[in-house]
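Only one structure is covered here, and it is reproduced in the block below.
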Amino acid sequence: MNVKKLVLIGAAALGFTTVTWAQVNVGVTVSATGPAASLGIPERNTIALMPKTMAGQTVNYIVLDDASDTTQAVTNARRLISERNVDVIVGSSTTPASLAMIDAVAESKTPMISVAASAAIIEPQDEKKRWVFKTPQNDIMMALAIADHMAASGVKTAGYIGFSDAYGENWHKEFSKALEIKKIQLVANERFSRTDTAVMGQALKIIGAKPDAVLVGGSGTPAALPQKTLVERGYTGKIYQTHGIANADFLRVGGKDVEGTILPAGPVLVADQLPASNPVRKSALDYIKAYEGAHGKGSVSTFGAHAWDAGLLLQAAIPVALKAAKPGTPEFRAALRDALEGVSEVPGAHGIFTMSPKDHLGLDQRARVMVKIENGKWVYQGSK
């Protein structure tokens with residue numbers, strides 16, 4: 001019996017389902033269950049659509065569910081690194097989970113591409129975060145778009161209610177900066193948990209402050225709760241949401257109460273409504289075609305597109321890293337990190353990516369459009 005066969009038998013005895021030989025191993029942890037499932041499910045589905053070879057090299061995807069739990073996300077990351085010897089990690093779906101994973105990837109010097117939004121995941125750049133990249137737009141980019149829209153609509157005062165975690169706190173910080181620029185006063189500031197079933201107290205405080213507009217700093221279906229409560233209690237001002245709600249599940253849960261909602265989003269959300277001159281239109285439509293081809297018309301979401309963009313970054317970086325080292329080695333992981341940092345003008349579903357040592361997101365204003373919910377559909381409002 002040869003050595004390779006013995007190793008295969010040994011690995012099977014230990015419970016490993018995949019044994020790799022000189023192939024690129026991509027570890028993935030997403031929130032396919034739990035409160036963030038509306039984010040994680042399309043991300044997991046998108047991973048299945050990614051190419052199985054890059055630059056002639058087999059690519060193996062190892063996908064785990066962290067159940068929207070920060071501790072489980074860290075456990076998954078450490079397991080992928082120590083047991084599966086992954087060359088890169090994609091995930092997780094939420095900001096708290098992605099932040100918690102940074103120590104694990106930095107200690108092992110494994111590059112990570114987060115599909116969560118907060119700029120805190122990659123900023124400020126230091127010895128740990130130099131191993132971390134992300135694909136969703138930064139909060140400040142989207143907060144400025146919201147403040148611009150508010151100012152143009154005559155809004156003078158605003159209220160805020162966001163998640164009681166890193167996502168909600170960072171959005172409050174960036175939204176406050178954007179409001180200050182536009183001379184809009186923040187008159188209410190409330191929090192709620194992703195798992196809350198009622199926010200009546202917070203909603204009544206906001207209504208009592210009489211803001212012209214309210215921003216909900218949440219993501220996925222839990223972000224519908226404050227808006228539904230505000231509407232049910234008679235609030236008639238403008239309601240804005242973040243790009244974290246851009247999927248069909250939010251429309252389903254929100255129903256009539258989210259009609260008229262305004263939000264900034266990645267171009268992929270309204271790709272078929274974009275003018276032909278939009279530089280992201282083609283790459284966004286490519287993703288929609290691939291996803292809906294597998295899951296049916298209308299099934300696509302912006303969250304899956306963040307995972308798709310992570311795959312496009314890997315397609316650009318892996319061929320470069322392979323010139324420097326073999327997969328499964330510290331040298332390859334370091335070369336892959338360097339290659340990701342050097343990607344330039346890579347068209348994705350959400351924008352055009354150009355990374356640098358100081359910018360591990362690499363998106364510019366081409367990565368945002370304004371959208372309004374009308375008759376249960378996303379309607380393009382323009383690029384500013």
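Labels for the structure tokens follow display order: chains A, B, ..., residues from 1 in each chain, ligands from 1.
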Margin query: List as a ChimeraX atom specification the protein and nucleic acid residues near range 331-345 of chain A, meaning an atom at most 10 Å away when only C-alpha atoms are counted, but skip any in the same chain fewer than 3 places from it.
Written below: /A:24,86-88,108-113,130-133,313-328,348,351-363
May I have a table of the residues of range 235-272 of chain A lying at most 12 Å from range 174-195 of chain A, giving each one's closest pair of atoms and their distance in Å to one decimal, counting only C-alpha atoms, ordered by chain and ascending residue number, as a Markdown table?
| residue | atom | partner | partner_atom | distance |
| --- | --- | --- | --- | --- |
| A:Tyr240 | CA | A:Phe175 | CA | 11.6 |
| A:Gln241 | CA | A:Phe175 | CA | 11.5 |
| A:Thr242 | CA | A:Phe175 | CA | 10.4 |
Now that the selection is made, can you save its residues with N, CA, C and O atoms as a CSV table (one decimal), in the first residue's frame?
chain,number,residue,atom,x,y,z
A,240,TYR,N,-35.2,55.7,6.4
A,240,TYR,CA,-34.0,55.2,5.6
A,240,TYR,C,-33.5,53.9,6.2
A,240,TYR,O,-33.7,53.7,7.4
A,241,GLN,N,-32.9,53.1,5.4
A,241,GLN,CA,-32.3,51.9,5.9
A,241,GLN,C,-30.9,51.8,5.3
A,241,GLN,O,-30.5,52.6,4.4
A,242,THR,N,-30.0,51.0,5.8
A,242,THR,CA,-28.7,50.8,5.3
A,242,THR,C,-28.7,49.7,4.2
A,242,THR,O,-29.7,49.1,4.0
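Residues lying within 12 Å of Thr197 in chain A, counting only C-alpha atoms and ignoring same-chain neighbours fewer than 3 positions away, are Pro35, Phe192, Ser193, Arg194, Met200, Thr221, Pro222, Ala223, Ala224, Leu225, Pro226, Lys228 and Thr229 of chain A.
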Checklist line | Residues within 12 Å of Glu232 in chain A, only C-alpha atoms, excluding chain neighbours under 2 positions, as an NGL selection string | finding: :A and (199-200 or 203-204 or 207 or 225-230 or 234-236 or 254 or 256-258)
Item checked: Selection: 12 Å around Leu269 in chain A, only C-alpha atoms, excl. self and same-chain fewer than 5 positions, as a PyMOL selection string -> chain A and resi 243-248+263-264+274+280-281+284-285+287-288+298-306+349-351+367-373+377-381
Margin query: Taking the DSSP secondary structure from the backbone, can you list the residues of range 37-99 of chain A that are strand (DSSP E), as a PyMOL selection string?
Written below: chain A and resi 53-54+57-65+88-91
Prev. selection, all heavy atoms, output as an mmCIF file, in the first residue's frame:
data_model
loop_
_atom_site.group_PDB
_atom_site.id
_atom_site.type_symbol
_atom_site.label_atom_id
_atom_site.label_comp_id
_atom_site.auth_asym_id
_atom_site.auth_seq_id
_atom_site.Cartn_x
_atom_site.Cartn_y
_atom_site.Cartn_z
ATOM 1 N N THR A 53 -11.618 25.568 -10.561
ATOM 2 C CA THR A 53 -10.204 25.671 -10.931
ATOM 3 C C THR A 53 -9.873 27.134 -11.196
ATOM 4 O O THR A 53 -10.712 27.888 -11.698
ATOM 5 C CB THR A 53 -9.875 24.847 -12.196
ATOM 6 O OG1 THR A 53 -10.645 25.336 -13.299
ATOM 7 C CG2 THR A 53 -10.153 23.364 -11.983
ATOM 8 N N MET A 54 -8.657 27.519 -10.840
ATOM 9 C CA MET A 54 -8.150 28.852 -11.127
ATOM 10 C C MET A 54 -6.698 28.727 -11.555
ATOM 11 O O MET A 54 -5.902 28.082 -10.853
ATOM 12 C CB MET A 54 -8.261 29.764 -9.899
ATOM 13 C CG MET A 54 -9.675 30.035 -9.421
ATOM 14 S SD MET A 54 -9.708 31.173 -7.999
ATOM 15 C CE MET A 54 -11.423 31.020 -7.485
ATOM 16 N N GLN A 57 -5.296 25.371 -11.412
ATOM 17 C CA GLN A 57 -5.164 24.773 -10.083
ATOM 18 C C GLN A 57 -6.543 24.447 -9.524
ATOM 19 O O GLN A 57 -7.467 25.258 -9.596
ATOM 20 C CB GLN A 57 -4.469 25.759 -9.142
ATOM 21 C CG GLN A 57 -4.066 25.177 -7.804
ATOM 22 C CD GLN A 57 -2.807 24.351 -7.903
ATOM 23 O OE1 GLN A 57 -1.868 24.713 -8.602
ATOM 24 N NE2 GLN A 57 -2.792 23.213 -7.223
ATOM 25 N N THR A 58 -6.702 23.242 -8.976
ATOM 26 C CA THR A 58 -7.961 22.872 -8.350
ATOM 27 C C THR A 58 -8.207 23.742 -7.121
ATOM 28 O O THR A 58 -7.305 23.991 -6.330
ATOM 29 C CB THR A 58 -7.942 21.394 -7.932
ATOM 30 O OG1 THR A 58 -7.742 20.584 -9.087
ATOM 31 C CG2 THR A 58 -9.255 21.001 -7.261
ATOM 32 N N VAL A 59 -9.453 24.200 -6.970
ATOM 33 C CA VAL A 59 -9.834 24.998 -5.808
ATOM 34 C C VAL A 59 -10.918 24.254 -5.042
ATOM 35 O O VAL A 59 -11.943 23.869 -5.598
ATOM 36 C CB VAL A 59 -10.342 26.391 -6.220
ATOM 37 C CG1 VAL A 59 -10.721 27.201 -4.986
ATOM 38 C CG2 VAL A 59 -9.287 27.133 -7.032
ATOM 39 N N ASN A 60 -10.664 24.045 -3.756
ATOM 40 C CA ASN A 60 -11.571 23.290 -2.897
ATOM 41 C C ASN A 60 -12.191 24.240 -1.872
ATOM 42 O O ASN A 60 -11.482 24.944 -1.155
ATOM 43 C CB ASN A 60 -10.793 22.183 -2.173
ATOM 44 C CG ASN A 60 -11.667 21.389 -1.222
ATOM 45 O OD1 ASN A 60 -12.769 20.984 -1.557
ATOM 46 N ND2 ASN A 60 -11.164 21.170 -0.010
ATOM 47 N N TYR A 61 -13.538 24.288 -1.818
ATOM 48 C CA TYR A 61 -14.242 25.163 -0.889
ATOM 49 C C TYR A 61 -14.772 24.341 0.283
ATOM 50 O O TYR A 61 -15.486 23.354 0.097
ATOM 51 C CB TYR A 61 -15.401 25.873 -1.585
ATOM 52 C CG TYR A 61 -14.974 26.698 -2.778
ATOM 53 C CD1 TYR A 61 -14.966 26.152 -4.063
ATOM 54 C CD2 TYR A 61 -14.552 28.017 -2.626
ATOM 55 C CE1 TYR A 61 -14.569 26.895 -5.167
ATOM 56 C CE2 TYR A 61 -14.149 28.773 -3.723
ATOM 57 C CZ TYR A 61 -14.160 28.203 -4.992
ATOM 58 O OH TYR A 61 -13.758 28.939 -6.076
ATOM 59 N N ILE A 62 -14.431 24.752 1.484
ATOM 60 C CA ILE A 62 -14.877 24.071 2.704
ATOM 61 C C ILE A 62 -15.798 25.037 3.438
ATOM 62 O O ILE A 62 -15.341 26.045 3.995
ATOM 63 C CB ILE A 62 -13.687 23.679 3.592
ATOM 64 C CG1 ILE A 62 -12.680 22.847 2.788
ATOM 65 C CG2 ILE A 62 -14.156 22.898 4.815
ATOM 66 C CD1 ILE A 62 -11.287 22.854 3.361
ATOM 67 N N VAL A 63 -17.092 24.770 3.432
ATOM 68 C CA VAL A 63 -18.088 25.722 3.913
ATOM 69 C C VAL A 63 -18.665 25.273 5.254
ATOM 70 O O VAL A 63 -19.162 24.156 5.384
ATOM 71 C CB VAL A 63 -19.224 25.895 2.889
ATOM 72 C CG1 VAL A 63 -20.215 26.946 3.361
ATOM 73 C CG2 VAL A 63 -18.658 26.266 1.517
ATOM 74 N N LEU A 64 -18.610 26.158 6.250
ATOM 75 C CA LEU A 64 -19.161 25.906 7.569
ATOM 76 C C LEU A 64 -20.204 26.966 7.910
ATOM 77 O O LEU A 64 -20.130 28.099 7.438
ATOM 78 C CB LEU A 64 -18.055 25.922 8.628
ATOM 79 C CG LEU A 64 -16.900 24.930 8.450
ATOM 80 C CD1 LEU A 64 -15.870 25.122 9.571
ATOM 81 C CD2 LEU A 64 -17.410 23.495 8.440
ATOM 82 N N ASP A 65 -21.156 26.594 8.758
ATOM 83 C CA ASP A 65 -22.197 27.511 9.226
ATOM 84 C C ASP A 65 -21.848 27.948 10.645
ATOM 85 O O ASP A 65 -21.618 27.103 11.514
ATOM 86 C CB ASP A 65 -23.547 26.790 9.205
ATOM 87 C CG ASP A 65 -24.676 27.621 9.814
ATOM 88 O OD1 ASP A 65 -24.536 28.860 9.891
ATOM 89 O OD2 ASP A 65 -25.696 27.020 10.208
ATOM 90 N N VAL A 88 -6.925 30.539 2.551
ATOM 91 C CA VAL A 88 -7.630 31.799 2.708
ATOM 92 C C VAL A 88 -8.982 31.500 3.339
ATOM 93 O O VAL A 88 -9.527 30.407 3.173
ATOM 94 C CB VAL A 88 -7.808 32.518 1.343
ATOM 95 C CG1 VAL A 88 -8.619 31.650 0.379
ATOM 96 C CG2 VAL A 88 -8.443 33.891 1.498
ATOM 97 N N ILE A 89 -9.513 32.481 4.084
ATOM 98 C CA ILE A 89 -10.847 32.343 4.664
ATOM 99 C C ILE A 89 -11.747 33.421 4.088
ATOM 100 O O ILE A 89 -11.363 34.593 4.001
ATOM 101 C CB ILE A 89 -10.810 32.451 6.198
ATOM 102 C CG1 ILE A 89 -10.184 31.176 6.794
ATOM 103 C CG2 ILE A 89 -12.207 32.675 6.772
ATOM 104 C CD1 ILE A 89 -10.097 31.177 8.301
ATOM 105 N N VAL A 90 -12.963 33.030 3.710
ATOM 106 C CA VAL A 90 -14.001 33.962 3.280
ATOM 107 C C VAL A 90 -15.088 33.967 4.347
ATOM 108 O O VAL A 90 -15.606 32.920 4.719
ATOM 109 C CB VAL A 90 -14.599 33.565 1.912
ATOM 110 C CG1 VAL A 90 -15.780 34.465 1.568
ATOM 111 C CG2 VAL A 90 -13.539 33.621 0.826
ATOM 112 N N GLY A 91 -15.440 35.147 4.878
ATOM 113 C CA GLY A 91 -16.470 35.249 5.892
ATOM 114 C C GLY A 91 -16.017 36.165 7.021
ATOM 115 O O GLY A 91 -14.917 36.704 6.981
#
